[in-house]
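Below: one structure, written as structure tokens.
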Amino acid sequence: MDPEEGVPPTVKVTPLQQMLASCTGAILTSLMVTPLDVVKIRLQAQSRPFFKGKCFIYSNGLMDHLCVCEEEGNKAWYKKPGFFQGTSDAFLKIIRNEGIKSLWSGLPPTLVMAVPATVIYFTCYDQLTALLRSKLGENESRIPIVAGIVARFGAVTVISPLELIRTNMQSKKFSYKELHQFVSKKISEDGWISLWRGWAPTLFRDVPFSAMYWYNYEVLKKWLCEKLGVYEPTFMINFTSGALSGSFAAVVTLPFDVVKTQKQTQLWMYECYKSLIPRLVKIAPACAIMISTYELGKDFFQKQNAQRQQY
């Protein structure tokens with residue numbers, strides 16, 4: 001905090017407050033970024049219709065989710081005819097003809113996993129960073145890399161079985177009883193490790209992304225503070241650092257994203273590489289909104305804690 005604001009630098013944010021800040025950031029990010037992916041999916045479905053059983057990737061800005069085309073006809077939100085002539089036209093026609101709520105089609109089920117995963121990820125990163133700095137010193141440059149890797153590894157490992165269950169519930173229309181029988185049978189036949197099928201491709205993409213993202217974010221944030229002559233990063237410094245570091249990590253990890261997408265949806269390689277620009281358009285604002293909102297939330301709680309200490 002800026003010393004002029006009277007907030008002591010020793011005031012800490014509790015893990016619960018970090019969880020609340022990351023939860024707020026996660027919900028805000030998904031609300032702002034999901035419409036971009038909904039429009040992208042509608043445009044894809046228009047040019048290459050989704051047939052029953054076909055998979056596609058749905059992103060809410062926090063996580064990528066494998067979705068399975070469930071039914072024939074035009075009942076599902078991603079199959080509604082729109083006769084779109086581009087991204088802007090799709091936005092306008094969806095709002096005009098279907099209502100603005102349609103821009104968030106399919107969002108609620110994905111948030112059940114995306115928000116907890118984000119909360120685990122960001123809280124673990126901050127807790128690990130604080131621990132490593134207390135042991136290795138404030139200026140150790142490898143701390144963001146190590147903390148980013150471990151935090152992402154943990155979040156992916158916790159969420160991976162839940163994502164597998166969600167996908168099977170959607171594709172096979174299981175009831176909760178049938179789902180329990182399916183999971184029990186899977187464990188008895190293939191062992192507990194079968195619940196983490198698809199874990200490795202996700203890890204190979206997300207862990208390098210996380211390491212590069214956090215390292216570059218911390219470096220950029222510090223550099224911008226020095227250039228602008230401020231003691232603590234502002235909202236715009238966090239926003240800019242998040243967008244730039246997220247974009248760089250997205251470009252470098254694109255081959256891993258291609259492998260993951262191919263394994264999940266059987267798309268051809270050239271189709272995935274065509275998605276670099278849409279990937280950047282989605283990831284840059286998602287990273288910027290998430291980190292700046294998270295830091296703003298922590299800043300709010302830090303000031304609240306400081307005021308309590310004064311009384």
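Chain identifiers are assigned as A, B, and so on, following the order in which chains appear in the structure tokens; residues are numbered from 1 within each chain, and ligands are numbered from 1 in order of appearance.
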- Item | A:Phe84 environment, 8 Å, only C-alpha atoms, sequence neighbours closer than 2 positions dropped, as a VMD selection string | chain A and resid 43 46 82 86 to 87 89 to 90 93
- Query: So which residues touch A:Glu140 within 12 Å, counting only C-alpha atoms, skipping near sequence neighbours fewer than 6 positions away, as a PyMOL selection string?
  - Reply: chain A and resi 129-130+132-134+146-147+215+218-219
- Can you tell me, as a list of chain:residue names, what residues are no more than 12 Å from A:Leu280 when counting only C-alpha atoms, ignoring any on the same chain fewer than 2 positions away?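 With the cut-off at 12 Å, the set is A:Val33, A:Leu36, A:Asp37, A:Gly61, A:Ala243, A:Leu244, A:Ser245, A:Gly246, A:Ser247, A:Phe248, A:Ala249, A:Ala250, A:Val251, A:Val252, A:Thr253, A:Leu254, A:Tyr273, A:Lys274, A:Ser275, A:Leu276, A:Ile277, A:Pro278, A:Lys282, A:Ile283, A:Ala284, A:Pro285, A:Ala286, A:Cys287, A:Ala288.
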- Task: Show which residues sit within 12 Å of A:Trp223, as a ChimeraX atom specification. Count only C-alpha atoms, and ignore same-chain residues fewer than 4 positions away.
- Result: /A:216-219,227-233,237-238,240-241
Would you mind exporting all heavy atoms of the selected residues as a tab-separated table (two decimals), in the first residue's frame?
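Contents of result_29.tsv, as written:
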chain	number	residue	atom	x	y	z
A	216	ASN	N	6.35	-13.46	-15.64
A	216	ASN	CA	6.27	-12.23	-16.43
A	216	ASN	C	5.37	-11.18	-15.78
A	216	ASN	O	5.65	-9.98	-15.87
A	216	ASN	CB	5.76	-12.55	-17.84
A	216	ASN	CG	6.81	-13.26	-18.67
A	216	ASN	OD1	7.97	-12.87	-18.70
A	216	ASN	ND2	6.41	-14.33	-19.34
A	217	TYR	N	4.32	-11.64	-15.11
A	217	TYR	CA	3.44	-10.70	-14.43
A	217	TYR	C	4.19	-9.94	-13.33
A	217	TYR	O	4.09	-8.71	-13.24
A	217	TYR	CB	2.24	-11.44	-13.83
A	217	TYR	CG	1.39	-10.57	-12.94
A	217	TYR	CD1	0.58	-9.57	-13.46
A	217	TYR	CD2	1.42	-10.73	-11.55
A	217	TYR	CE1	-0.19	-8.75	-12.64
A	217	TYR	CE2	0.65	-9.92	-10.72
A	217	TYR	CZ	-0.15	-8.94	-11.27
A	217	TYR	OH	-0.89	-8.14	-10.45
A	218	GLU	N	4.94	-10.68	-12.52
A	218	GLU	CA	5.67	-10.03	-11.42
A	218	GLU	C	6.77	-9.11	-11.95
A	218	GLU	O	6.97	-8.01	-11.43
A	218	GLU	CB	6.28	-11.10	-10.49
A	218	GLU	CG	5.26	-12.00	-9.81
A	218	GLU	CD	4.43	-11.30	-8.74
A	218	GLU	OE1	4.67	-10.11	-8.45
A	218	GLU	OE2	3.53	-11.95	-8.19
A	219	VAL	N	7.46	-9.53	-13.01
A	219	VAL	CA	8.52	-8.71	-13.60
A	219	VAL	C	7.94	-7.44	-14.21
A	219	VAL	O	8.45	-6.33	-14.00
A	219	VAL	CB	9.31	-9.52	-14.66
A	219	VAL	CG1	10.22	-8.60	-15.48
A	219	VAL	CG2	10.14	-10.61	-13.99
A	227	LYS	N	9.03	2.53	-13.65
A	227	LYS	CA	8.93	3.52	-14.73
A	227	LYS	C	7.97	4.65	-14.39
A	227	LYS	O	8.20	5.80	-14.77
A	227	LYS	CB	8.47	2.83	-16.03
A	227	LYS	CG	9.53	1.97	-16.70
A	227	LYS	CD	10.67	2.82	-17.24
A	227	LYS	CE	11.74	1.98	-17.90
A	227	LYS	NZ	12.88	2.82	-18.34
A	228	LEU	N	6.91	4.33	-13.70
A	228	LEU	CA	5.90	5.33	-13.37
A	228	LEU	C	6.16	6.00	-12.02
A	228	LEU	O	5.44	6.91	-11.62
A	228	LEU	CB	4.51	4.69	-13.37
A	228	LEU	CG	4.03	4.14	-14.73
A	228	LEU	CD1	2.73	3.38	-14.56
A	228	LEU	CD2	3.87	5.27	-15.74
A	229	GLY	N	7.17	5.51	-11.31
A	229	GLY	CA	7.55	6.13	-10.05
A	229	GLY	C	6.52	5.96	-8.94
A	229	GLY	O	6.29	6.88	-8.16
A	230	VAL	N	5.89	4.78	-8.87
A	230	VAL	CA	4.92	4.52	-7.81
A	230	VAL	C	5.44	3.41	-6.90
A	230	VAL	O	6.17	2.52	-7.32
A	230	VAL	CB	3.54	4.13	-8.39
A	230	VAL	CG1	2.92	5.29	-9.13
A	230	VAL	CG2	3.64	2.91	-9.30
A	231	TYR	N	5.04	3.50	-5.63
A	231	TYR	CA	5.51	2.55	-4.62
A	231	TYR	C	4.79	1.21	-4.76
A	231	TYR	O	5.38	0.15	-4.62
A	231	TYR	CB	5.29	3.15	-3.23
A	231	TYR	CG	5.70	2.24	-2.11
A	231	TYR	CD1	7.04	1.93	-1.89
A	231	TYR	CD2	4.74	1.69	-1.24
A	231	TYR	CE1	7.42	1.09	-0.85
A	231	TYR	CE2	5.11	0.86	-0.20
A	231	TYR	CZ	6.45	0.57	-0.01
A	231	TYR	OH	6.82	-0.26	1.02
A	232	GLU	N	3.48	1.27	-5.01
A	232	GLU	CA	2.66	0.06	-5.16
A	232	GLU	C	1.94	0.10	-6.50
A	232	GLU	O	1.58	1.17	-6.99
A	232	GLU	CB	1.62	-0.02	-4.03
A	232	GLU	CG	2.21	-0.41	-2.69
A	232	GLU	CD	2.63	-1.86	-2.62
A	232	GLU	OE1	1.99	-2.69	-3.32
A	232	GLU	OE2	3.58	-2.18	-1.91
A	233	PRO	N	1.73	-1.07	-7.13
A	233	PRO	CA	1.06	-1.10	-8.44
A	233	PRO	C	-0.38	-0.60	-8.37
A	233	PRO	O	-1.11	-0.91	-7.44
A	233	PRO	CB	1.10	-2.58	-8.83
A	233	PRO	CG	1.31	-3.32	-7.56
A	233	PRO	CD	2.10	-2.41	-6.67
A	237	ILE	N	-1.77	-0.79	-13.74
A	237	ILE	CA	-0.51	-1.54	-13.83
A	237	ILE	C	-0.79	-3.04	-13.74
A	237	ILE	O	-0.26	-3.83	-14.53
A	237	ILE	CB	0.47	-1.09	-12.72
A	237	ILE	CG1	1.04	0.29	-13.05
A	237	ILE	CG2	1.60	-2.10	-12.55
A	237	ILE	CD1	1.95	0.86	-11.97
A	238	ASN	N	-1.64	-3.43	-12.81
A	238	ASN	CA	-2.02	-4.85	-12.69
A	238	ASN	C	-2.74	-5.33	-13.94
A	238	ASN	O	-2.49	-6.43	-14.44
A	238	ASN	CB	-2.93	-5.05	-11.47
A	238	ASN	CG	-2.20	-4.83	-10.16
A	238	ASN	OD1	-1.00	-5.11	-10.05
A	238	ASN	ND2	-2.90	-4.34	-9.15
A	240	THR	N	-2.61	-4.11	-17.08
A	240	THR	CA	-1.69	-4.18	-18.22
A	240	THR	C	-0.73	-5.35	-18.08
A	240	THR	O	-0.49	-6.08	-19.06
A	240	THR	CB	-0.89	-2.86	-18.33
A	240	THR	OG1	-1.80	-1.77	-18.42
A	240	THR	CG2	0.01	-2.87	-19.55
A	241	SER	N	-0.18	-5.54	-16.89
A	241	SER	CA	0.76	-6.65	-16.67
A	241	SER	C	0.07	-7.98	-16.89
A	241	SER	O	0.65	-8.90	-17.48
A	241	SER	CB	1.32	-6.58	-15.24
A	241	SER	OG	1.99	-5.37	-15.01
- Message: When DSSP is applied to the backbone of this structure, which of stretch 41-133 of chain A are assigned helix (DSSP H, G or I)? Write them out as a ChimeraX atom specification.
- Response: /A:41-47,77-79,87-98,100-104,107-133
Output for the residues just chosen: N, CA and C atoms as a short mmCIF file (atom, residue, chain, number, x, y, z; two decimals), in the first residue's frame:
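Result file selection-v2.cif:
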data_model
loop_
_atom_site.label_atom_id
_atom_site.label_comp_id
_atom_site.auth_asym_id
_atom_site.auth_seq_id
_atom_site.Cartn_x
_atom_site.Cartn_y
_atom_site.Cartn_z
N ILE A 41 -18.52 -19.82 -30.72
CA ILE A 41 -19.13 -21.14 -30.90
C ILE A 41 -20.30 -21.07 -31.86
N ARG A 42 -21.12 -20.03 -31.75
CA ARG A 42 -22.26 -19.87 -32.66
C ARG A 42 -21.79 -19.71 -34.11
N LEU A 43 -20.69 -18.97 -34.30
CA LEU A 43 -20.14 -18.81 -35.65
C LEU A 43 -19.57 -20.12 -36.17
N GLN A 44 -18.92 -20.89 -35.28
CA GLN A 44 -18.39 -22.20 -35.68
C GLN A 44 -19.51 -23.14 -36.08
N ALA A 45 -20.58 -23.16 -35.28
CA ALA A 45 -21.70 -24.05 -35.55
C ALA A 45 -22.40 -23.69 -36.85
N GLN A 46 -22.34 -22.41 -37.21
CA GLN A 46 -22.95 -21.96 -38.46
C GLN A 46 -22.15 -22.45 -39.67
N SER A 47 -20.82 -22.41 -39.56
CA SER A 47 -19.99 -22.81 -40.70
C SER A 47 -19.77 -24.32 -40.75
N TRP A 77 -28.68 -24.20 -27.44
CA TRP A 77 -28.32 -22.80 -27.67
C TRP A 77 -27.26 -22.64 -28.76
N TYR A 78 -26.33 -23.61 -28.86
CA TYR A 78 -25.25 -23.50 -29.84
C TYR A 78 -25.69 -23.90 -31.25
N LYS A 79 -26.95 -24.37 -31.39
CA LYS A 79 -27.43 -24.78 -32.71
C LYS A 79 -28.47 -23.83 -33.30
N THR A 87 -18.49 -11.39 -36.43
CA THR A 87 -18.57 -11.31 -34.97
C THR A 87 -19.52 -10.20 -34.51
N SER A 88 -19.35 -8.99 -35.02
CA SER A 88 -20.20 -7.87 -34.61
C SER A 88 -21.66 -8.13 -34.93
N ASP A 89 -21.90 -8.67 -36.13
CA ASP A 89 -23.27 -8.98 -36.55
C ASP A 89 -23.89 -10.04 -35.63
N ALA A 90 -23.06 -11.02 -35.22
CA ALA A 90 -23.55 -12.07 -34.33
C ALA A 90 -23.95 -11.50 -32.97
N PHE A 91 -23.11 -10.63 -32.41
CA PHE A 91 -23.43 -9.98 -31.14
C PHE A 91 -24.78 -9.27 -31.23
N LEU A 92 -24.94 -8.45 -32.27
CA LEU A 92 -26.16 -7.65 -32.40
C LEU A 92 -27.40 -8.51 -32.60
N LYS A 93 -27.30 -9.54 -33.46
CA LYS A 93 -28.46 -10.38 -33.76
C LYS A 93 -28.85 -11.25 -32.57
N ILE A 94 -27.86 -11.75 -31.83
CA ILE A 94 -28.17 -12.56 -30.65
C ILE A 94 -28.91 -11.73 -29.62
N ILE A 95 -28.43 -10.50 -29.38
CA ILE A 95 -29.07 -9.61 -28.40
C ILE A 95 -30.48 -9.23 -28.86
N ARG A 96 -30.61 -8.89 -30.14
CA ARG A 96 -31.90 -8.43 -30.67
C ARG A 96 -32.93 -9.56 -30.75
N ASN A 97 -32.51 -10.73 -31.23
CA ASN A 97 -33.46 -11.82 -31.50
C ASN A 97 -33.67 -12.77 -30.34
N GLU A 98 -32.64 -12.94 -29.48
CA GLU A 98 -32.73 -13.94 -28.42
C GLU A 98 -32.67 -13.35 -27.02
N ILE A 100 -30.37 -10.47 -24.36
CA ILE A 100 -28.96 -10.33 -23.97
C ILE A 100 -28.48 -11.51 -23.12
N LYS A 101 -29.41 -12.20 -22.41
CA LYS A 101 -29.01 -13.33 -21.58
C LYS A 101 -28.40 -14.46 -22.41
N SER A 102 -28.72 -14.53 -23.69
CA SER A 102 -28.19 -15.59 -24.55
C SER A 102 -26.68 -15.52 -24.72
N LEU A 103 -26.09 -14.34 -24.45
CA LEU A 103 -24.63 -14.21 -24.55
C LEU A 103 -23.91 -14.99 -23.45
N TRP A 104 -24.68 -15.43 -22.44
CA TRP A 104 -24.08 -16.22 -21.36
C TRP A 104 -24.64 -17.64 -21.36
N LEU A 107 -23.24 -21.01 -19.37
CA LEU A 107 -22.28 -20.60 -18.35
C LEU A 107 -22.48 -21.25 -16.97
N PRO A 108 -23.70 -21.27 -16.41
CA PRO A 108 -23.86 -21.75 -15.02
C PRO A 108 -23.24 -23.12 -14.72
N PRO A 109 -23.44 -24.17 -15.55
CA PRO A 109 -22.85 -25.47 -15.21
C PRO A 109 -21.32 -25.44 -15.14
N THR A 110 -20.69 -24.61 -15.97
CA THR A 110 -19.23 -24.59 -15.99
C THR A 110 -18.65 -23.86 -14.79
N LEU A 111 -19.42 -22.92 -14.22
CA LEU A 111 -18.93 -22.17 -13.07
C LEU A 111 -18.79 -23.04 -11.83
N VAL A 112 -19.53 -24.14 -11.78
CA VAL A 112 -19.47 -25.04 -10.63
C VAL A 112 -18.04 -25.54 -10.41
N MET A 113 -17.29 -25.71 -11.50
CA MET A 113 -15.89 -26.14 -11.38
C MET A 113 -14.89 -25.01 -11.58
N ALA A 114 -15.22 -24.09 -12.46
CA ALA A 114 -14.26 -23.03 -12.80
C ALA A 114 -13.97 -22.10 -11.63
N VAL A 115 -15.01 -21.73 -10.87
CA VAL A 115 -14.80 -20.82 -9.74
C VAL A 115 -13.98 -21.47 -8.63
N PRO A 116 -14.34 -22.70 -8.16
CA PRO A 116 -13.49 -23.34 -7.15
C PRO A 116 -12.04 -23.55 -7.61
N ALA A 117 -11.86 -23.91 -8.89
CA ALA A 117 -10.51 -24.11 -9.42
C ALA A 117 -9.71 -22.82 -9.36
N THR A 118 -10.34 -21.71 -9.71
CA THR A 118 -9.67 -20.41 -9.69
C THR A 118 -9.35 -19.98 -8.27
N VAL A 119 -10.27 -20.22 -7.34
CA VAL A 119 -10.06 -19.87 -5.94
C VAL A 119 -8.87 -20.67 -5.38
N ILE A 120 -8.84 -21.97 -5.64
CA ILE A 120 -7.72 -22.81 -5.19
C ILE A 120 -6.41 -22.31 -5.77
N TYR A 121 -6.42 -22.03 -7.06
CA TYR A 121 -5.22 -21.63 -7.80
C TYR A 121 -4.63 -20.32 -7.26
N PHE A 122 -5.44 -19.28 -7.16
CA PHE A 122 -4.93 -17.97 -6.75
C PHE A 122 -4.56 -17.94 -5.27
N THR A 123 -5.36 -18.59 -4.43
CA THR A 123 -5.06 -18.60 -3.01
C THR A 123 -3.78 -19.39 -2.74
N CYS A 124 -3.63 -20.55 -3.39
CA CYS A 124 -2.40 -21.34 -3.23
C CYS A 124 -1.18 -20.57 -3.72
N TYR A 125 -1.33 -19.87 -4.84
CA TYR A 125 -0.20 -19.10 -5.37
C TYR A 125 0.27 -18.06 -4.35
N ASP A 126 -0.66 -17.31 -3.80
CA ASP A 126 -0.28 -16.27 -2.84
C ASP A 126 0.30 -16.85 -1.56
N GLN A 127 -0.29 -17.94 -1.08
CA GLN A 127 0.22 -18.57 0.14
C GLN A 127 1.62 -19.13 -0.06
N LEU A 128 1.84 -19.77 -1.20
CA LEU A 128 3.16 -20.32 -1.51
C LEU A 128 4.20 -19.22 -1.72
N THR A 129 3.78 -18.14 -2.39
CA THR A 129 4.68 -17.02 -2.62
C THR A 129 5.13 -16.41 -1.30
N ALA A 130 4.19 -16.22 -0.37
CA ALA A 130 4.52 -15.66 0.94
C ALA A 130 5.47 -16.58 1.71
N LEU A 131 5.20 -17.89 1.64
CA LEU A 131 6.05 -18.86 2.33
C LEU A 131 7.47 -18.86 1.76
N LEU A 132 7.58 -18.90 0.44
CA LEU A 132 8.90 -18.94 -0.22
C LEU A 132 9.68 -17.64 0.01
N ARG A 133 8.98 -16.52 0.02
CA ARG A 133 9.67 -15.24 0.27
C ARG A 133 10.20 -15.16 1.69
#
Select from stretch 56-224 of chain A everything DSSP, run on the backbone, classes as strand (DSSP E or B), then give the selection as a JSON list (two decimals) with C-alpha atoms, in the first residue's frame.
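What ended up in out25.json:
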[["chain", "number", "residue", "atom", "x", "y", "z"],
["A", 56, "PHE", "CA", -16.48, -28.69, -28.84],
["A", 57, "ILE", "CA", -14.54, -26.53, -26.38],
["A", 58, "TYR", "CA", -16.44, -24.00, -24.27],
["A", 59, "SER", "CA", -14.44, -21.37, -22.38],
["A", 64, "ASP", "CA", -11.81, -24.68, -21.00],
["A", 65, "HIS", "CA", -14.63, -27.22, -20.78],
["A", 66, "LEU", "CA", -15.27, -30.14, -23.10],
["A", 67, "CYS", "CA", -18.91, -30.06, -24.22],
["A", 68, "VAL", "CA", -20.70, -32.75, -26.18]]
Which polymer residues have any atom within 10 Å of an atom of A:Ala200, counting only C-alpha atoms, with same-chain residues fewer than 6 positions away left out, as a PDB file with all heavy atoms, in the first residue's frame?
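Saved to result.pdb:
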ATOM      1  N   VAL A 156      -5.405 -28.227 -11.006  1.00  0.00           N
ATOM      2  CA  VAL A 156      -5.760 -29.174 -12.084  1.00  0.00           C
ATOM      3  C   VAL A 156      -6.039 -30.551 -11.510  1.00  0.00           C
ATOM      4  O   VAL A 156      -6.992 -31.231 -11.919  1.00  0.00           O
ATOM      5  CB  VAL A 156      -4.632 -29.235 -13.142  1.00  0.00           C
ATOM      6  CG1 VAL A 156      -4.882 -30.381 -14.124  1.00  0.00           C
ATOM      7  CG2 VAL A 156      -4.538 -27.924 -13.903  1.00  0.00           C
ATOM      8  N   THR A 157      -5.229 -30.974 -10.544  1.00  0.00           N
ATOM      9  CA  THR A 157      -5.384 -32.302  -9.952  1.00  0.00           C
ATOM     10  C   THR A 157      -6.705 -32.427  -9.199  1.00  0.00           C
ATOM     11  O   THR A 157      -7.378 -33.459  -9.267  1.00  0.00           O
ATOM     12  CB  THR A 157      -4.205 -32.599  -8.999  1.00  0.00           C
ATOM     13  OG1 THR A 157      -2.985 -32.502  -9.734  1.00  0.00           O
ATOM     14  CG2 THR A 157      -4.311 -33.989  -8.411  1.00  0.00           C
ATOM     15  N   SER A 160      -9.758 -32.076 -12.090  1.00  0.00           N
ATOM     16  CA  SER A 160      -9.791 -33.012 -13.225  1.00  0.00           C
ATOM     17  C   SER A 160     -10.857 -34.114 -13.085  1.00  0.00           C
ATOM     18  O   SER A 160     -11.622 -34.357 -14.028  1.00  0.00           O
ATOM     19  CB  SER A 160      -8.404 -33.626 -13.423  1.00  0.00           C
ATOM     20  OG  SER A 160      -8.319 -34.267 -14.670  1.00  0.00           O
ATOM     21  N   ASP A 206      -1.323 -26.199 -18.973  1.00  0.00           N
ATOM     22  CA  ASP A 206      -1.592 -25.208 -17.929  1.00  0.00           C
ATOM     23  C   ASP A 206      -0.397 -24.890 -17.041  1.00  0.00           C
ATOM     24  O   ASP A 206      -0.246 -23.753 -16.587  1.00  0.00           O
ATOM     25  CB  ASP A 206      -2.759 -25.682 -17.060  1.00  0.00           C
ATOM     26  CG  ASP A 206      -4.092 -25.573 -17.773  1.00  0.00           C
ATOM     27  OD1 ASP A 206      -4.095 -25.208 -18.965  1.00  0.00           O
ATOM     28  OD2 ASP A 206      -5.137 -25.848 -17.150  1.00  0.00           O
ATOM     29  N   LYS A 260      -3.968 -30.816 -26.581  1.00  0.00           N
ATOM     30  CA  LYS A 260      -5.119 -31.038 -25.707  1.00  0.00           C
ATOM     31  C   LYS A 260      -6.423 -31.005 -26.497  1.00  0.00           C
ATOM     32  O   LYS A 260      -7.300 -31.849 -26.327  1.00  0.00           O
ATOM     33  CB  LYS A 260      -5.150 -29.979 -24.605  1.00  0.00           C
ATOM     34  CG  LYS A 260      -6.268 -30.175 -23.588  1.00  0.00           C
ATOM     35  CD  LYS A 260      -6.156 -29.164 -22.477  1.00  0.00           C
ATOM     36  CE  LYS A 260      -7.201 -29.422 -21.400  1.00  0.00           C
ATOM     37  NZ  LYS A 260      -8.566 -29.132 -21.831  1.00  0.00           N
TER      38      LYS A 260
END
- Task: Could you tell me which of A:Ser184, A:Thr202, A:Gln85, A:Ser210 comes closest to A:Ile145 if we count only C-alpha atoms?
- Result: A:Ser210
- Item | atom CA of A:His180 to atom CA of A:Ile159, distance in Å rounded to a single decimal |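 For atom CA of A:His180 relative to atom CA of A:Ile159, the distance reads 17.4 Å.
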- Message: Please list as number ranges by chain every residue within 7 Å of A:Met290, counting only C-alpha atoms and excluding residues in the same chain fewer than 6 positions away.
- Response: A: 25-26, 29
Keeping only all heavy atoms, write the selected residues as a short mmCIF file (atom, residue, chain, number, x, y, z; two decimals), in the first residue's frame.
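And here is the file that came out, result-v7.cif:
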data_model
loop_
_atom_site.label_atom_id
_atom_site.label_comp_id
_atom_site.auth_asym_id
_atom_site.auth_seq_id
_atom_site.Cartn_x
_atom_site.Cartn_y
_atom_site.Cartn_z
N GLY A 25 -13.24 -12.07 -8.51
CA GLY A 25 -12.56 -11.90 -9.79
C GLY A 25 -12.98 -12.95 -10.81
O GLY A 25 -13.15 -12.66 -12.00
N ALA A 26 -13.16 -14.19 -10.33
CA ALA A 26 -13.54 -15.29 -11.21
C ALA A 26 -14.93 -15.07 -11.82
O ALA A 26 -15.14 -15.25 -13.01
CB ALA A 26 -13.51 -16.61 -10.44
N THR A 29 -14.79 -12.09 -14.26
CA THR A 29 -14.09 -12.49 -15.50
C THR A 29 -14.99 -13.32 -16.40
O THR A 29 -15.08 -13.07 -17.60
CB THR A 29 -12.82 -13.29 -15.15
OG1 THR A 29 -11.96 -12.47 -14.35
CG2 THR A 29 -12.07 -13.70 -16.41
#
- So what do you get for atom CA of A:Ala21 versus atom CA of A:Tyr294, distance-wise?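 Interatomic distance here is 5.1 Å.
Closest approach to A:Lys54 among A:Cys69, A:Gln18, A:Pro161, A:Phe300 is made by A:Cys69 (distances from only C-alpha atoms).
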